[in-house]
Every structure is written in structure tokens, then in C-alpha cells.
There are 6 protein chains.
Amino acid sequence: MPSNIDSYRLCEVPYYRATGDEVTLFEHAYAHRLPMVLKGPTGCGKTRFIEYMAWKLRRPLITVACNEDMTASDLVGRYLLDAHGTTWHDGPLTTAVREGAICYLDEVVEARQDTTVAIHPLTDARRILPLDKRGEVVRAHPDFQLVVSYNPGYQSRSKDLKPSTRQRFVAMHFDYPDEASEAVIIAREGGIDPTLARQLVKLGRCTRSLTDRGLDEGASTRMLIYTATLMRAGVSARASCEATLTQALTDDPEMVTALRDLVDAHFA
Amino acid sequence: MPSNIDSYRLCEVPYYRATGDEVTLFEHAYAHRLPMVLKGPTGCGKTRFIEYMAWKLRRPLITVACNEDMTASDLVGRYLLDAHGTTWHDGPLTTAVREGAICYLDEVVEARQDTTVAIHPLTDARRILPLDKRGEVVRAHPDFQLVVSYNPGYQSRSKDLKPSTRQRFVAMHFDYPDEASEAVIIAREGGIDPTLARQLVKLGRCTRSLTDRGLDEGASTRMLIYTATLMRAGVSARASCEATLTQALTDDPEMVTALRDLVDAHFA
Amino acid sequence: MPSNIDSYRLCEVPYYRATGDEVTLFEHAYAHRLPMVLKGPTGCGKTRFIEYMAWKLRRPLITVACNEDMTASDLVGRYLLDAHGTTWHDGPLTTAVREGAICYLDEVVEARQDTTVAIHPLTDARRILPLDKRGEVVRAHPDFQLVVSYNPGYQSRSKDLKPSTRQRFVAMHFDYPDEASEAVIIAREGGIDPTLARQLVKLGRCTRSLTDRGLDEGASTRMLIYTATLMRAGVSARASCEATLTQALTDDPEMVTALRDLVDAHFA
Amino acid sequence: MPSNIDSYRLCEVPYYRATGDEVTLFEHAYAHRLPMVLKGPTGCGKTRFIEYMAWKLRRPLITVACNEDMTASDLVGRYLLDAHGTTWHDGPLTTAVREGAICYLDEVVEARQDTTVAIHPLTDARRILPLDKRGEVVRAHPDFQLVVSYNPGYQSRSKDLKPSTRQRFVAMHFDYPDEASEAVIIAREGGIDPTLARQLVKLGRCTRSLTDRGLDEGASTRMLIYTATLMRAGVSARASCEATLTQALTDDPEMVTALRDLVDAHFA
Amino acid sequence: MPSNIDSYRLCEVPYYRATGDEVTLFEHAYAHRLPMVLKGPTGCGKTRFIEYMAWKLRRPLITVACNEDMTASDLVGRYLLDAHGTTWHDGPLTTAVREGAICYLDEVVEARQDTTVAIHPLTDARRILPLDKRGEVVRAHPDFQLVVSYNPGYQSRSKDLKPSTRQRFVAMHFDYPDEASEAVIIAREGGIDPTLARQLVKLGRCTRSLTDRGLDEGASTRMLIYTATLMRAGVSARASCEATLTQALTDDPEMVTALRDLVDAHFA
Amino acid sequence: MPSNIDSYRLCEVPYYRATGDEVTLFEHAYAHRLPMVLKGPTGCGKTRFIEYMAWKLRRPLITVACNEDMTASDLVGRYLLDAHGTTWHDGPLTTAVREGAICYLDEVVEARQDTTVAIHPLTDARRILPLDKRGEVVRAHPDFQLVVSYNPGYQSRSKDLKPSTRQRFVAMHFDYPDEASEAVIIAREGGIDPTLARQLVKLGRCTRSLTDRGLDEGASTRMLIYTATLMRAGVSARASCEATLTQALTDDPEMVTALRDLVDAHFA
């Protein structure tokens, strides 16, 4: 079962609309193989950005969604038994290290300590990955880079990165695109006309200000594209917003009312 | 042990009585393969609805009841040892992804994080399922759709979906059917006459208002069908309600008395 | 290692003395294969009742004592390795589902969530048991019925059945038999004369009222049969009660004294 | 690896000095195969008593020291892999059930729930042990009896037996032997003269009254035998008591002083 | 993989300087095979003492450092899979029991309950080790003795030995050697002259009195030997004390200052 | 899969700039094989120091990043199944012990107890590593040395080393280099001119004083090298500092402002 690195290459250019110098900064960081952390709220485009950079830098991209039940072995590899006894199988991180891919650990703060600690020797001058169970030290391919992400907004303090981990990364802060950019994205991806897209963006930005009143997070760009998609299919504005924004964002009756009021104010 | 996808096809049309535009909305969402979440109380018809939609869209339906002891491997698959060494066995989600079924994760909030995180790459533009342990990236069959459900009423805050998960779904809110519809359903499924069915519905709705006084949940439509079934078999109204409503809903002596009073008021 | 379903058939009629319409109600519920829950205190006859019903309905009875360390695999089945590789072994629930037995999950509230959730698809219109690990959907034998039990008296709130589980069952409440019936049972099972049996029943009922003063549970019918057994063997009334009631019910010195006083009052 | 039941037979009569009717009561209980629980403080002779009864009744005795890390499989059995695939290996309880031994579960309150629940079907009229993993129901050998023990003094409430478990047992309360009996035991087992033994018993009983002042438990009979053993070997009374009583009973400096004062008062 | 008991024999006499009658007392206890517990602070010589006794009694010594992640199987043994199926491998305790070694469980309070309970049958008249998983009862070799240790000073109450465990042992209390003895030890082991050794001992004893002011433990004899070793190598007294005492004992800035002041007072 | 010890040798001399007598002290400690603990903040050069010493002493260096999910088996070794049955595989610690390497346990306080306890017999006069599962006692190669590290600044009290562990090590305290040294390091490693390097060092030292105002840790030397790297690549001072210092050090909006003010003050 050899992992075919080419299945991790992006075939077509992902749509990404830059909002500043982030592409240049990332290129400089990659040129020196500095480890990167992408910080920002859910659905603001971090995953799309890393896909775009992988395409631009012509590197395969291996993405791992971190979670508290993932072990270091899930990342690094393990022995599996086959007809000839146990055989070592590289995990996704090891594959990236050997093959020179960009390894993207999404929501790294959700990972257990053995996972975050496993990446330390890859993020300093050593650029090695010790496979203790195999007695092997893998030196990183010259093209390998490590990128991680997290959302500083809602995880609890107890899930912060340890200082000894976070000091190993250059950090880029992402946020929702500005109003005009977001309208362009939604019009393009949702297939609706620019005026309607701008209206949706205004509504979306209003929901984001509700986080001050107890909403976990406001509507992401992705959610507004969902809304646009249903509207283009002929569903009414109210029904589209109810399904893709109001009901999707909250279960709290008062917040439901607040969101419905916002919808009415924009699409009455 | 190949999984036979045809065993997941529904042979006969499930009985479902629409209460609004939910069938149309779901069809639009499915047309764009938007991930869906069905929200609503126990026994109000979410499972029946998804069975009906699977039948209507002629898709196989693979249902997984989520729980806190289920691992990502239970969903995605694992290696099993046989006479020729270890062989990979797709889990139910992977089967659905490969074969183009609708995968229905019932009570998704009960699942552990590694389960909910595993579905992220299936719910955005990528529509992929990385099988890290196998070094394989499965691209979803064009017909595949992911649907999840939960009951916003009684699970604790600590079991809420993370924003980064819930923002990936279009949400539909379900509730008990209106009085007339519920009576039609109960008369049909319980095999009793419409007048008696309406009486049962009135009683059921009264129990639902007891949630304000500490009852976890009121009688579901399914429970009222049980009551009807026993009454049709010749059990007295009181004994039927005692077994299918009062004793089934609560262990609390005061609540038992309150429920018996309701029964007496409707079937004295 | 095929499981021989006949080893689960009861060979002789279990002694059961009905205290109301419970036999008829259960027969009606079984006729429609409605899932049943038996509620009631320890040792009041729930196990004896389900054995009697299994004998009366000529069904094999597969009993599983639930506990917090039991996994869904213990119930449903698992792969085991033998000389020819891994072979699937049905668990007790799957055996019951395939062979048309009554499956009795004793003290179901003690089970973990993956166990209780595993039974959901067996308790609605579907009557199926998905074996996810095997990629097989088992449709229940027409004779299969699911019966569960629990004691509403002493388990903590945190171990309540979830509403989405409990709404799937028709509930029967059991209690200790009435005074005359209990005396008949004790005289018969303990082999003592009716007068002495009635004395023991009076004593037993007094211990049950001590639950208001901190005793976990009063003497069960089974305990009174133990007392009768020792007395018939020639042990004195006091020594028999000390061993089978007082020391068996409590470790608390004050409660020991209270119980001894009760014994003296009845057998002085 | 067949378990040789004869290795569990006692070859010579264990020394046991009865303090009341406990031997007769146990014989009556065994005659009816009533399950027994032995309650009492550490080192008061429960283990010696069950060994004596096993010898007297000519039954093999299988003892299991319960603990919170023991699983039901440790008790009941499991599949193990050998050259011909997996083979079932009976656990100690199953061996006792099949072969007609007395199974003694020492400190049963320390066991996990799956262990205590596993014994339920052995303690009522069924006298069966279902081996769910094997699909086998073992009916108990006519000579099998289950005996458990615990110390009601120091385990926390959270480790009490569940009422549904404890109501299945006839209970015998043990305590330290009376002064004269204990002196006879110590003289015999420690090899010292009766006068010195009586002095040691007086000292031991004084330490037991210190439990009111915070000592976990006073000196057991076994500890006094240790003291006698060292004194017979020529160690001074003070040094013997320091090692076998004072330092063995406590780490608390104040309690050390209190115990030394007691020693001085008895052996000055 | 047979365990070679001779690898556990001590080849040369360990240096041990007796501080009282501890050698004689241990010999008496060993003569009757009484289980022993060695109590005392870190680095005061408990391990050295048991090595000396093992050498003096010409017994192999098997030492196990207990910890909360060690299982009973780590101690007793387990089945391992090899080319011919599973084979039983004795753990260190079982090896000691079979071969007549002294088994030394260091820091026994750190062990899990299944470990401490496993030693019970070895510490009373039975002197047996039941290997439940193997269905074997190992009778202890006549030369076998069990010795355990712990530090009563700093573990929390929750990690105390259970009374039912601690009553099985004869206890010996150890402390740091007296001033003169400690100086002799340090001069000999650290290779420095007696005057300097006495100075170091005075300093060490001062650090021990700091436990009243919040230091976890004062300098052990072993630490003072480290200091002597560096000083003999030409490192200055201050630098030696800084590395082996001050920085080694604490991370607290105030305590660092207090310790430096002590050093200055002794080596200014 | 033999572990090739030569892959752990350093090929070129690591850049290390001594700040005091630490090299000499370490050499003395190594000469007597005293176990060492390196204490100090993240990124101050502990790892670089041990690499330098390993190179200087011509010893292979085996580094293990400790974490709470690492088991003693990860360190010591385990049996793995291959075509000929189970074979023992040495862990990284065992490899170091056998081959005479320096074993460096980075962030040892993060390890579980079974890991820290496993190193005890290697850190006293015995210098042995018992492999209990293999029944083997490995005597350390004469060149073997154990070195551990931790950051006393931010781990909680609950993760302190136990006194019985910490007393086994000679301790060296590390801190950030002095201003001049740090500027030399940054100029050299970041490839910038000395004046700019000194400016960056001044900024870095200001961030370190923010720990008094709630920042977890100030900028490490490594972070300042990152800043220099980006600046040399043509990124503006502000953008470089934003990415490598401000966003990398904190998610807290107020702290972000404080850090930006510091940057402006140094690079306005």
C-alpha cells in the first residue's frame, strides 16, 4: 500500500482572492522553510489559502484535521500486520516529510500533546522526524514545509498551544474578507448577481456583530455561498436564510429571533 | 466481506406526511449536494423523513447512530486480520462515499471529536475523505450526500457541535406534526378510527406542555401509535396510556400523578 | 462455535404468581412486537416474570446483565481470530435477532451509550440491526422481541435513559407482591408453613418502610425466602434474620439496631 | 493449559478457632448453596475461615483478590491465540462453576461493575454463568458455591455494593476473636508462652480503640503474630512492637507517639 | 527467552554503613520470611540497604520501580505471541517467587490497585501467587521474600497503602544517617577529605530543615556525594553547590536565594 | 530493523556560543557520568547546547520529546510481531544505554510516571535498565549519559518532577544569552548586519518583560532569528515583526496592541 504522493497534488487552481500581502509573505516564509501558523475564524478562507499556495508553489498538500482522539501514530505511522509479518506504514506527516509536501495540520489546538510534540524536531534547525518505534531518523525533504492552523476565537484557554510549540511558528492572522471582496467571492461561487451578493454580505456582517451578544460565531463566507446557492435555485430569500443562516447558526430561541429580524431587515 | 450497497436501498415507499416545504428544500439542497442537518425533538419524524427522501431520490441510505463510544475507525474503516494478513474494511461512511449513498449520522452531537472532524473534508468544496491509515484519498461519488441530525432540546451545552462543524451544514428544523396531520398518522399507523386518534393527539400535546414543569420530553408521535396499537388490541384506554405514556415518560411520582390526571381528563 | 439457540429455551415452567393483568398486557405487546421495559425494585420478580413469559410464548430467552464496562461489541458481536483468519461471532443480541428469541437486557441503565444506541434501529418500524463492522444489515426474525429492565429507585439521574431511548418502549411497573401473594410464594419456595411465612412477610414489609430513614432498599422477596430456608434447616429465627436480613441489608450500626429491633418485635 | 482443579484443594487442615456458630451457619447455607458474604475488618480471620470451611466441606477453593483493574474477562475467561488459532480459556470463576469448587471473591467491593454483575445469574434460582463471548451458558456444578468478602469499615460509600448485588447474599459479620481466643491463637502461631500472648492481645486491643482518634485500623491478629515471632527470635519487645505495630500501622508522628506510649505501658 | 536469575545476583558487596540494628532485624524477619516495608525519605539509603541485605543473604534481588501506569501483568506475567502461538512469560514478581529471590517493589504506593492486591496471597500463611490467566497457582520458593518501600513524607493521602495491604508487612523506618556516618560515606564515595565532607554534611542538614519553609525535600546523601564529586574534579565549591544542590532542589526564586545563602555561609 | 547508532551522530559542529562555564561543568559531570537536568525557558538554547556537547564529546545523541501520551514502552522497547513471531525492538533509551549514546529527554515533566520511573535505576550507582518484559537487565555502556530538560517557568505544580526523581540529577540553569551575545547569534544565523541585530535584541528583551503583564513567554532567540530572516528577504520591519513576534506570541487583543507599540518604538 504505497502512498501515492501525486494523489495529493492539486489539479486545478483553487479560487483564492488575496486580501493583502499574505501570498508574498508566505512565499518568503516558504523560501526559508519557516513553519507557519494560520490563525483566524471558521470559514474565513484559511484552507482555501493553503490550497492556493500549494498550487502556486507546485507542492503536494497533505491535510490532517486534528482532534483530541488522534494519536501521534495516526500522524507518524505504525506497524501493521500483513501476510509477511508486521510492515511499517508511514503516516501522513511522514509521507509529507519524505516526499517534500506541505503538511497542513488543521485545528492543531485540538490535537493531543503527543501529536504537537512530535512536530518539534521538524520546526527547528534540525528538520528531522525521529520515528522512535522504527529506530529511524527521517531528514526532511528540502521542499517539505509544516503549516498549522487554529481559530483563536473560541477554544478554551486549556487548549492553547504551549509556548514551547507556538514559538516555533511564523503567524499569519486571517479574517473575513472586506465587504467588496466578499461580495465578489459570493457572486462568483454562489452564481448570483453582484447586487444580491452585496446584500448578503451586509447581512452576514451583521450576524458577525452578534458574537458580542452570545452567538458563538457569525456567518462565514461559506454559509453566505450556501444561501446564494439556494436562492439561485429558486428558494425564497427568507427560506434560504432560515436554513443556511438562522437555523445553522444557533439553537437558542432568542438568538433565532434576533437573526430572523436581521434577515427581514435585509430582505423585506 | 464486500458490503452490498443494495441492502441499503429502501424496497417500499416509507409513509411520510409532509408538513411544509421540507421535501422541496431538501431536493434543492441535494441538487447542490449541500450537507444537511435535521434538528428536532425525539420521535417527530426526522428518521422517517430521511428514509422518504432517500426513497424519492432513489439513493441507498446508510444510517449510523452516533454515540460517545464510537471511534472514527467505526465510521471510516479499519484493517482486519484474515488468513492472508490484514485487509482493509471500509466503514459505513466510506461505503456511502464510494457508492454514492446518503449517509445519515443520527444524533451527531453524541459522537466523539474524531468522528465529527472526520467529516469536515466531505462538507466543503473538496468533497474528499482522506483514509490516513491507508494513505488513500477517496473522492466522493457524485451522488453522495451527508446528512446529520440532533435534538437541540436536551443535550447539554458541552455536547454542542463546534462552530467549525455546524457552519458546514444547511439546517432544517423539525417539530411534531400539526394536530390534524398527527391524527391522520396515528389513525393510519395505529389502525384506530379518526375520532379516537384526535383524542390521543390532544392528550399527547398536553403531555408536551409538561416539559415546562420538568418532564424531559412529551409523548412523541411514535408513543401515541403504541397507545393506539394496544387500544385496538382491546386493552383499556387507561391501561394503554399507563403503559405507553405515563410509565414510559417518567419515573417521578409527582409527574406520574400529573400524567394520570391528564389521561383521566381525556378518557374518563 | 455456533451458538445453540436451544440452550436458551426454558425446560420447565418457572414459578410465577401474577399480581394483575401483566401477563395479558405483555401478550398484547408481544403480538405487535412492541419493545418493553420492566421497571421496579430489586428482587420483586422482573426476571422471573420475563422467564415465565418466554416459557408461555415458547420463545428462547437470551439474558444480558448490562454494566458500564460492557461494549456494543459484547452485545452485537466481533471478529475473532482462528486458524483460518478472523471469523465473525454473533453477540447475544444478534443471536436473538436472527433466531427470533426474546432478548432481555437486565439493568439497561448501567450500560454505556454505544450499547443503548445500538438497539435503536431494532425498536422502531425498521426492526433492523446494522452490523457496521461486518457491512451487514440484519432484519429481525418475526418472533424477535426486545425487553429491557431497570430499577427507577436508586440509580442516579446521570444514569437515566436518554429520552430518545426511553420513548421507544412500552413500560410496565412492577412492585413487591401484595401481602397474601408474597406469603404464598415464601411458603412454597422456602418450604415453611403459611403462618410463619406471613410473619416473615410482615417483617419484610416493615424493612421496606425503612427506606424513608436511609436504608437503600428493604428486604426483597428473595431475601425472605433465604430466611425461610435457614429457619427450615433449624437455624433460630433471630440468627436466620441476622444473616439474611440485618447483615445483608446494611453496614450502618444504627440501621443494624433498627433492623434487629424489628426482628425482635416479630419473633420475640 | 487445562486448569488442574486439584491444585486448589487444601492439603492440610487450616488452623481455625471458631468464635460462635459460624461453622454451623455456613454449613446450612452451603447445604442450600446460598451465596455468602463475609463482612469484617482486615486480618480478623475471614480468609482463614473460608479455607477451613473448604477443607471441612472437602471442596476445592478458588480465591480471587478483587481490584478495580480486574475485568470480567479476568474472572470468566477469554480467547487466547495459539498455534491453532484462538482457544477459549476458562477464568477462575468459570473453573469453579464447572468443577464444583467454592469461589471466593476477596474484597469484592473493589471490583468493577462488570465483575459484580457477571455473578448475578449465579446467585439466584438460575445458577447459570452465561459466557456471552462463547455463546455458551454454563450451568453450575451442584457443589459450586459463591462466597464474597469485604471490609465495611473503610471503603467509601462510592464503593458500596449495589443493592441489586448485596440482596443476593446471606451475610456473616466477623470481628477480631475475643481476648482469650486471640491469646490462644497468638501463642500457637507465634510460638510464645500464653502469658506473653495475653499481654500482646491486651496491647492489640488498645490499638484498636485508637480508630476513634484517627487510626485507620488497629492491630490485626496477624500483626500480633508477627510481633510474637520477632520476640521469640530474640528481638526486644520494644523493637518488635516498633516494627510490627507502630511503624506498620501509621506514618503520622502523633499517632506514632501514641502507639509507642501504649507499647511502653504494656512492656515497660 | 528464559529469565536468567543469575543476572539478578550482586557481584560485589555494596557499600552500606549500618546506623542501628537494622541488619539484625531484617535477618530475623527474613528467617521467618515476614514481608518487609522500608519507609523513609528519598536518597537516605533504602535501596542500598536492600542491596546489601540481598548480598549478605546470598539471594538474587529483583527490583521493580512501581508507578501508576504499571499493570498487574507487568508484575506477574503475560502471554506473548511467537511463531508457535502464545507463550506465557513470567513477570519479575513471578520469577522471584519461583526462583527464591528477594523481590523489591520500590515506591509501592505509586502502583495501581491490581498490583498491590496481587501481592496479598504472597504475604500471609498461603505464600502463593495465583496466575489466574494461566490457571496456575505458584507456591513460593522457600527462599522468596517480598520487600516494598515508600516515602511517607510527600505522597498524598489518596496514595496511602490500604490498611488491608499495610497490615501484611513488618515496617522499618529509615532516615538520613547521623552526621558522623554521613561524613564518612561522603568522604568515601565522593573521594574528598573528611573535613570537607563534614562541611558538606552540615550544609546538607541545613537544607533539610528548609522543608519547614516549603522545600519539598532537603539534600539527600546522594546529592552531597554529587557535590563532592564535582569539587574533587576542580569545580569551585559555589558552582558545585549551585548545580548539585540549589538548582537541583528547587525552581522557586526565593528558595534559590535561601539555598545560596546557606552555601555562602558554609563555603564563604 | 537494527537501529543504526551512527544516524544519531552529529556530522557538523553545531553553532553554540557559550555564556559562562557551562561547557566545562558539563564535561566534569560527563566525566563522572552524573545525570544532568537542563532548566530554562523555551528557545534559549538548551537543545543547541546538548547538541554541541554531544559533538564535542563525540557521542551519538538520541533525543526524545516527552509528552503525556508517551508510554514507558515507547522509551524502553516492545515486542513486535513479524514473520517469525514476536521480536523485541529496543526503544530509543535502550539503544542509547546499549550503544553508549547521550540520551536527551526533552521536556521531561510532560512525561507520564512510568516513563520517569523507568530512568531511576540508570541514575544511581547501579546504572542499569531492567527490561521487565524481556527478563533482561541491561548494564549501561560506559559512555552512556542521561540528560533531561524542562522549563521551570510555565508548567503547573502538578507537573513538577517528583523529589525522588529530581534529586538524581545535577542541574544547570539556562537563560537567554546576554545582549551582546544574542546580537552576534542573530546577526550570524539571520544573516543581517550587527546594528539591526542589536535593535532586534533590544525589542526581544522588551517583550520578555511583558511576562509580568500576562504574556506566557517573551520572544525567544529563535523567534528573533525568524524576524531577521524575513527582513533580510525584503519584508518590512513592521510586517516581519507582526508575523514572527506579535501574532506568534499572543492571541490576546490587548497584548497584540502592547507588542505592536513595542515594535513601533523600535522600528518607527
# chains A, B, ... in the order shown; residues from 1 in each chain; ligands from 1
>>> select_by_dssp(residues="region 65-236 of chain D", states="strand (DSSP E)", output="ChimeraX atom specification")
/D:65,77-82,85-90,102-106,128-131,136-139,145-150,170-173
>>> select_by_dssp(residues="region 11-233 of chain E", states="alpha helix (DSSP H)", output="VMD selection string")
chain E and resid 22 to 31 46 to 56 72 to 76 92 to 99 113 to 118 163 to 166 179 to 190 194 to 209 221 to 232
>>> interface_residues(of="chain B", to="chain C", cutoff="7 Å", atoms="only C-alpha atoms", output="list in words")
Ser3, Thr42, Ala65, Asn67, Glu68, Asp69, Met70, Leu81, Asp82, Ala83, Gly91, Pro92, Asp216, Glu217, Met223, Leu230, Ala233, Ala243, Thr244, Gln247, Ala248, Leu249 and Asp251 of chain B
>>> atom_distance(atom1="CA of Ala237 (chain A)", atom2="CA of Thr257 (chain A)")
16.3 Å
>>> atom_distance(atom1="CA of Thr229 (chain F)", atom2="CA of Gly190 (chain F)")
5.0 Å
>>> residues_around(residues="region 179-184 of chain A", least_positions_apart="2", cutoff="6 Å", atoms="only C-alpha atoms", output="PDB file with N, CA and C atoms, in the first residue's frame")
ATOM      1  N   PRO A 177     -12.986  38.373   4.510  1.00  0.00           N
ATOM      2  CA  PRO A 177     -12.560  39.372   3.519  1.00  0.00           C
ATOM      3  C   PRO A 177     -13.312  40.692   3.716  1.00  0.00           C
ATOM      4  N   ILE A 186     -18.814  35.707  -3.266  1.00  0.00           N
ATOM      5  CA  ILE A 186     -20.140  35.093  -3.171  1.00  0.00           C
ATOM      6  C   ILE A 186     -20.844  35.113  -4.521  1.00  0.00           C
ATOM      7  N   ALA A 187     -20.716  36.203  -5.239  1.00  0.00           N
ATOM      8  CA  ALA A 187     -21.343  36.280  -6.566  1.00  0.00           C
ATOM      9  C   ALA A 187     -20.763  35.194  -7.473  1.00  0.00           C
ATOM     10  N   ALA A 197     -25.458  39.764  -4.009  1.00  0.00           N
ATOM     11  CA  ALA A 197     -24.291  39.321  -3.234  1.00  0.00           C
ATOM     12  C   ALA A 197     -23.939  40.368  -2.179  1.00  0.00           C
ATOM     13  N   ARG A 198     -23.977  41.639  -2.577  1.00  0.00           N
ATOM     14  CA  ARG A 198     -23.632  42.689  -1.612  1.00  0.00           C
ATOM     15  C   ARG A 198     -24.624  42.729  -0.445  1.00  0.00           C
TER      16      ARG A 198
END
>>> residues_around(residues="Val109 (chain D)", least_positions_apart="6", cutoff="8 Å", atoms="only C-alpha atoms", output="NGL selection string")
:D and (66 or 150 or 159-161)
>>> residues_around(residues="region 9-11 of chain B", least_positions_apart="2", cutoff="12 Å", atoms="only C-alpha atoms", output="mmCIF file with C-alpha atoms, in the first residue's frame")
data_model
loop_
_atom_site.group_PDB
_atom_site.id
_atom_site.type_symbol
_atom_site.label_atom_id
_atom_site.label_comp_id
_atom_site.auth_asym_id
_atom_site.auth_seq_id
_atom_site.Cartn_x
_atom_site.Cartn_y
_atom_site.Cartn_z
ATOM 1 C CA ASN B 4 -23.555 -4.936 -0.646
ATOM 2 C CA ILE B 5 -24.821 -1.450 -1.242
ATOM 3 C CA ASP B 6 -28.194 -2.745 -2.417
ATOM 4 C CA SER B 7 -29.018 -3.948 1.080
ATOM 5 C CA VAL B 13 -42.038 3.828 -0.052
ATOM 6 C CA PRO B 14 -41.917 4.833 3.626
ATOM 7 C CA TYR B 15 -45.052 6.551 4.879
ATOM 8 C CA ARG B 48 -38.825 8.823 8.596
ATOM 9 C CA ILE B 50 -34.664 10.970 5.554
ATOM 10 C CA GLU B 51 -35.905 7.496 4.621
ATOM 11 C CA TYR B 52 -38.594 9.098 2.493
ATOM 12 C CA MET B 53 -36.117 11.417 0.762
ATOM 13 C CA ALA B 54 -33.695 8.534 0.115
ATOM 14 C CA TRP B 55 -36.533 6.602 -1.497
ATOM 15 C CA LYS B 56 -37.693 9.639 -3.510
ATOM 16 C CA LEU B 57 -34.134 10.412 -4.713
ATOM 17 C CA ARG B 58 -33.539 6.678 -5.363
ATOM 18 C CA ARG B 59 -30.391 6.685 -3.261
ATOM 19 C CA PRO B 60 -29.237 3.986 -0.828
ATOM 20 C CA LEU B 61 -29.384 5.197 2.800
ATOM 21 C CA ILE B 62 -26.691 4.271 5.289
ATOM 22 C CA THR B 63 -27.669 5.207 8.837
ATOM 23 C CA ALA B 96 -21.504 5.703 1.305
ATOM 24 C CA GLU B 99 -21.045 4.147 -3.674
ATOM 25 C CA GLY B 100 -22.939 7.415 -3.773
ATOM 26 C CA ALA B 101 -25.324 6.733 -0.910
ATOM 27 C CA ILE B 102 -26.844 9.224 1.508
ATOM 28 C CA ARG C 126 -37.256 -0.720 10.770
ATOM 29 C CA VAL C 137 -27.913 -5.246 7.994
#
>>> atom_distance(atom1="CA of His266 (chain F)", atom2="CA of Gln199 (chain F)")
7.0 Å
